[in-house]
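What follows is one structure encoded as structure tokens, with my remarks underneath.
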Amino acid sequence: MHKPISPQMFYYGFPVILLTSIDENNKTNITPISSSWCLGDNVVIGISMQGKAFENIRTCGEVVLNLPDETLWEKIEKIAPTTGKNPVPDYKKSDYQFCADKFEQGGFTAQSSTKIKPSRIKECPLQAETKVVNVSERDGYAIIELKIVQVHACKNLIMDNDKIDPTKWQPLIYNFRHYQGLGDLLGKNFRASK
């Protein structure tokens, strides 16, 4: 039997993405996001308009979608509280911390992109360099359409020269504010209620 509910959030299981963008000083910023979908070489992401990533997207118009595998969840959680200048209403401002270098904070390695300015994250097995096609602003969030211009994949994930082997790819999933792989629960985000 079903019961009508009104949850504060409805993150029903999206892949985690470490979005890298570049600021006005050519410094790459990392922002963990989890709202995305892809069709062909088009990707749509959703992000808060309160963070540095949105500001950078408006300035540069290029981002890298770095897809971590399930082994990176603890590194991602190290930088999660450092993302966003002003928290959205259902979070306490004290949950957020400033971090000048998220690469260092999370233990990530910057890797040059081949077709755009923002750096890639070496530890992420899949990376997509993208250019912004359209930005729609809605109630403090932005829906951003991207066009993939280059994909990078770790060699051990590739089959038939240009396909990702789904038996080897182990994406990190953000499932109702908890981190999961394709198996057991791995840990929870600092904003998770339980």
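FYI, nothing fancy with the structure tokens labels: chains A, B, ... in order, residues from 1 per chain, ligands from 1 as they appear.
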Report as a Markdown table: every residue of range 28-73 of chain A with an atom at most 6 Å from range 11-19 of chain A, its closest pair of atoms, and their distance in Å to one decimal, counting only C-alpha atoms, with rows sorted by chain and ascending residue number.
| residue | atom | partner | partner_atom | distance |
| --- | --- | --- | --- | --- |
| A:Ile30 | CA | A:Leu19 | CA | 5.7 |
| A:Thr31 | CA | A:Leu19 | CA | 5.1 |
| A:Pro32 | CA | A:Leu18 | CA | 4.5 |
| A:Ile33 | CA | A:Ile17 | CA | 5.3 |
| A:Ser34 | CA | A:Val16 | CA | 4.7 |
| A:Val64 | CA | A:Leu19 | CA | 5.7 |
| A:Leu65 | CA | A:Leu19 | CA | 4.9 |
| A:Asn66 | CA | A:Leu18 | CA | 5.0 |
| A:Leu67 | CA | A:Ile17 | CA | 4.9 |
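Every protein, DNA or RNA residue with an atom at most 8 Å from Glu77 in chain A, where only C-alpha atoms count and chain neighbours fewer than 4 positions away do not, is listed here: A:Trp73, A:Pro81, A:Asn189, A:Phe190.
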Write to file, as a PDB file, in the first residue's frame, the residues of the selection just made, with N, CA and C atoms.
ATOM      1  N   TRP A  73      34.280   7.853  -2.604  1.00  0.00           N
ATOM      2  CA  TRP A  73      33.245   8.553  -1.835  1.00  0.00           C
ATOM      3  C   TRP A  73      33.795   9.330  -0.646  1.00  0.00           C
ATOM      4  N   PRO A  81      31.329  19.621   2.308  1.00  0.00           N
ATOM      5  CA  PRO A  81      30.912  20.768   3.118  1.00  0.00           C
ATOM      6  C   PRO A  81      31.548  22.092   2.688  1.00  0.00           C
ATOM      7  N   ASN A 189      26.341  11.171   3.252  1.00  0.00           N
ATOM      8  CA  ASN A 189      26.711  12.560   3.102  1.00  0.00           C
ATOM      9  C   ASN A 189      26.480  13.299   4.410  1.00  0.00           C
ATOM     10  N   PHE A 190      27.225  14.361   4.660  1.00  0.00           N
ATOM     11  CA  PHE A 190      27.103  15.105   5.913  1.00  0.00           C
ATOM     12  C   PHE A 190      25.718  15.710   6.098  1.00  0.00           C
TER      13      PHE A 190
END
Exercise. Which one of A:Leu157, A:Ile5, A:Ile22, A:Ala142 sits closest to Ser113 in chain A if you count only C-alpha atoms?
Worked result: A:Ile22
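For the choices A:Ile144, A:Lys188, A:Thr20, A:Lys163, the atom-to-atom distance to Phe108 in chain A is smallest for A:Thr20 when using only C-alpha atoms.
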Problem set entry | Selected residue of minimal separation from Cys60 in chain A among A:Ser112, A:Ser36, A:Gln105, A:Thr130, counting only C-alpha atoms | A:Thr130
For this session: Pick out each residue of range 20-182 of chain A that DSSP on the backbone tags as alpha helix (DSSP H); I need them as JSON, numbers by chain.
Result: {"A": [52, 53, 54, 55, 56, 57, 58, 59, 60, 73, 74, 75, 76, 77, 78, 79, 102, 103, 104, 105, 106]}
For this session: Do a neighbour search on range 42-49 of chain A at 10 Å with only C-alpha atoms, toss out local chain neighbours closer than 3 positions, and write the hits as a ChimeraX atom specification.
Result: /A:17,19,31-39,52-55,65,84-88,128,130-149
For this session: Please provide as number ranges by chain all residues within 10 Å of Lys122 in chain A, with the sequence filter that same-chain residues fewer than 4 positions apart are discarded (counting only C-alpha atoms).
Result: A: 66, 68, 108-112, 126-127, 154
Could you write those residues out with all heavy atoms, as an mmCIF file, in the first residue's frame?
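The new file result08.cif reads:
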data_model
loop_
_atom_site.group_PDB
_atom_site.id
_atom_site.type_symbol
_atom_site.label_atom_id
_atom_site.label_comp_id
_atom_site.auth_asym_id
_atom_site.auth_seq_id
_atom_site.Cartn_x
_atom_site.Cartn_y
_atom_site.Cartn_z
ATOM 1 N N ASN A 66 33.539 14.951 -14.217
ATOM 2 C CA ASN A 66 34.436 13.897 -13.755
ATOM 3 C C ASN A 66 33.590 12.888 -12.996
ATOM 4 O O ASN A 66 32.972 13.230 -11.981
ATOM 5 C CB ASN A 66 35.493 14.483 -12.823
ATOM 6 C CG ASN A 66 36.349 15.536 -13.509
ATOM 7 O OD1 ASN A 66 37.300 15.207 -14.192
ATOM 8 N ND2 ASN A 66 36.006 16.797 -13.327
ATOM 9 N N PRO A 68 33.351 9.833 -10.675
ATOM 10 C CA PRO A 68 34.121 8.989 -9.768
ATOM 11 C C PRO A 68 33.544 7.589 -9.686
ATOM 12 O O PRO A 68 32.359 7.378 -9.939
ATOM 13 C CB PRO A 68 33.968 9.705 -8.416
ATOM 14 C CG PRO A 68 32.641 10.386 -8.510
ATOM 15 C CD PRO A 68 32.485 10.774 -9.964
ATOM 16 N N PHE A 108 42.851 15.090 -4.536
ATOM 17 C CA PHE A 108 42.691 14.883 -5.971
ATOM 18 C C PHE A 108 43.873 15.469 -6.741
ATOM 19 O O PHE A 108 44.549 16.362 -6.267
ATOM 20 C CB PHE A 108 41.402 15.543 -6.468
ATOM 21 C CG PHE A 108 40.154 14.931 -5.897
ATOM 22 C CD1 PHE A 108 39.330 15.668 -5.064
ATOM 23 C CD2 PHE A 108 39.800 13.625 -6.184
ATOM 24 C CE1 PHE A 108 38.176 15.119 -4.532
ATOM 25 C CE2 PHE A 108 38.653 13.059 -5.658
ATOM 26 C CZ PHE A 108 37.835 13.812 -4.826
ATOM 27 N N THR A 109 44.073 14.972 -7.959
ATOM 28 C CA THR A 109 45.159 15.419 -8.825
ATOM 29 C C THR A 109 44.578 16.101 -10.055
ATOM 30 O O THR A 109 43.760 15.507 -10.759
ATOM 31 C CB THR A 109 46.015 14.213 -9.282
ATOM 32 O OG1 THR A 109 46.397 13.456 -8.135
ATOM 33 C CG2 THR A 109 47.243 14.671 -10.052
ATOM 34 N N ALA A 110 45.015 17.343 -10.314
ATOM 35 C CA ALA A 110 44.565 18.073 -11.509
ATOM 36 C C ALA A 110 45.249 17.490 -12.739
ATOM 37 O O ALA A 110 46.432 17.146 -12.707
ATOM 38 C CB ALA A 110 44.881 19.553 -11.376
ATOM 39 N N GLN A 111 44.475 17.395 -13.824
ATOM 40 C CA GLN A 111 44.970 16.858 -15.088
ATOM 41 C C GLN A 111 44.459 17.793 -16.187
ATOM 42 O O GLN A 111 43.268 18.138 -16.211
ATOM 43 C CB GLN A 111 44.395 15.453 -15.241
ATOM 44 C CG GLN A 111 44.878 14.661 -16.401
ATOM 45 C CD GLN A 111 44.269 13.253 -16.373
ATOM 46 O OE1 GLN A 111 43.110 13.060 -16.006
ATOM 47 N NE2 GLN A 111 45.055 12.260 -16.770
ATOM 48 N N SER A 112 45.320 18.226 -17.074
ATOM 49 C CA SER A 112 44.908 19.162 -18.125
ATOM 50 C C SER A 112 43.849 18.558 -19.033
ATOM 51 O O SER A 112 43.899 17.383 -19.366
ATOM 52 C CB SER A 112 46.110 19.570 -18.980
ATOM 53 O OG SER A 112 47.039 20.277 -18.208
ATOM 54 N N LEU A 126 36.136 8.163 -15.523
ATOM 55 C CA LEU A 126 35.476 8.723 -16.705
ATOM 56 C C LEU A 126 35.427 10.241 -16.573
ATOM 57 O O LEU A 126 35.141 10.765 -15.493
ATOM 58 C CB LEU A 126 34.054 8.184 -16.860
ATOM 59 C CG LEU A 126 33.904 6.698 -17.154
ATOM 60 C CD1 LEU A 126 32.435 6.312 -17.169
ATOM 61 C CD2 LEU A 126 34.559 6.349 -18.477
ATOM 62 N N GLN A 127 35.699 10.919 -17.674
ATOM 63 C CA GLN A 127 35.703 12.383 -17.690
ATOM 64 C C GLN A 127 35.116 12.851 -19.021
ATOM 65 O O GLN A 127 35.432 12.282 -20.065
ATOM 66 C CB GLN A 127 37.130 12.929 -17.561
ATOM 67 C CG GLN A 127 37.909 12.366 -16.399
ATOM 68 C CD GLN A 127 39.415 12.403 -16.642
ATOM 69 O OE1 GLN A 127 39.890 12.485 -17.770
ATOM 70 N NE2 GLN A 127 40.175 12.333 -15.558
ATOM 71 N N CYS A 154 39.500 5.535 -18.450
ATOM 72 C CA CYS A 154 40.624 4.674 -18.079
ATOM 73 C C CYS A 154 40.629 3.462 -19.006
ATOM 74 O O CYS A 154 39.573 2.910 -19.329
ATOM 75 C CB CYS A 154 40.489 4.222 -16.624
ATOM 76 S SG CYS A 154 40.935 5.491 -15.443
#
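Pairwise distance (CA of Thr82 in chain A, CA of Phe98 in chain A) equals 5.3 Å.
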For this session: Can you check which residues of chain A DSSP gives as strand (DSSP E or B) on the backbone and send them as a PyMOL selection string?
Result: chain A and resi 12-15+17-22+28-33+36-39+42-48+62-67+69+110-111+120-121+126-138+141-153+158-159+163-164+171+173-175+178-180+185-188
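We find CA of Asp162 in chain A and CA of Thr114 in chain A to be spaced 17.4 Å apart.
CA of Lys102 in chain A is found 9.5 Å from CA of Ala80 in chain A.
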Exercise. Using only C-alpha atoms, which of A:Lys27, A:Ser21, A:Ile158, A:Glu74 sits nearest Ala100 in chain A?
Worked result: A:Lys27
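Proximity of A:Lys75, A:Arg120, A:Lys3, A:Arg58 to Tyr179 in chain A, computed with only C-alpha atoms, is greatest for A:Lys75.
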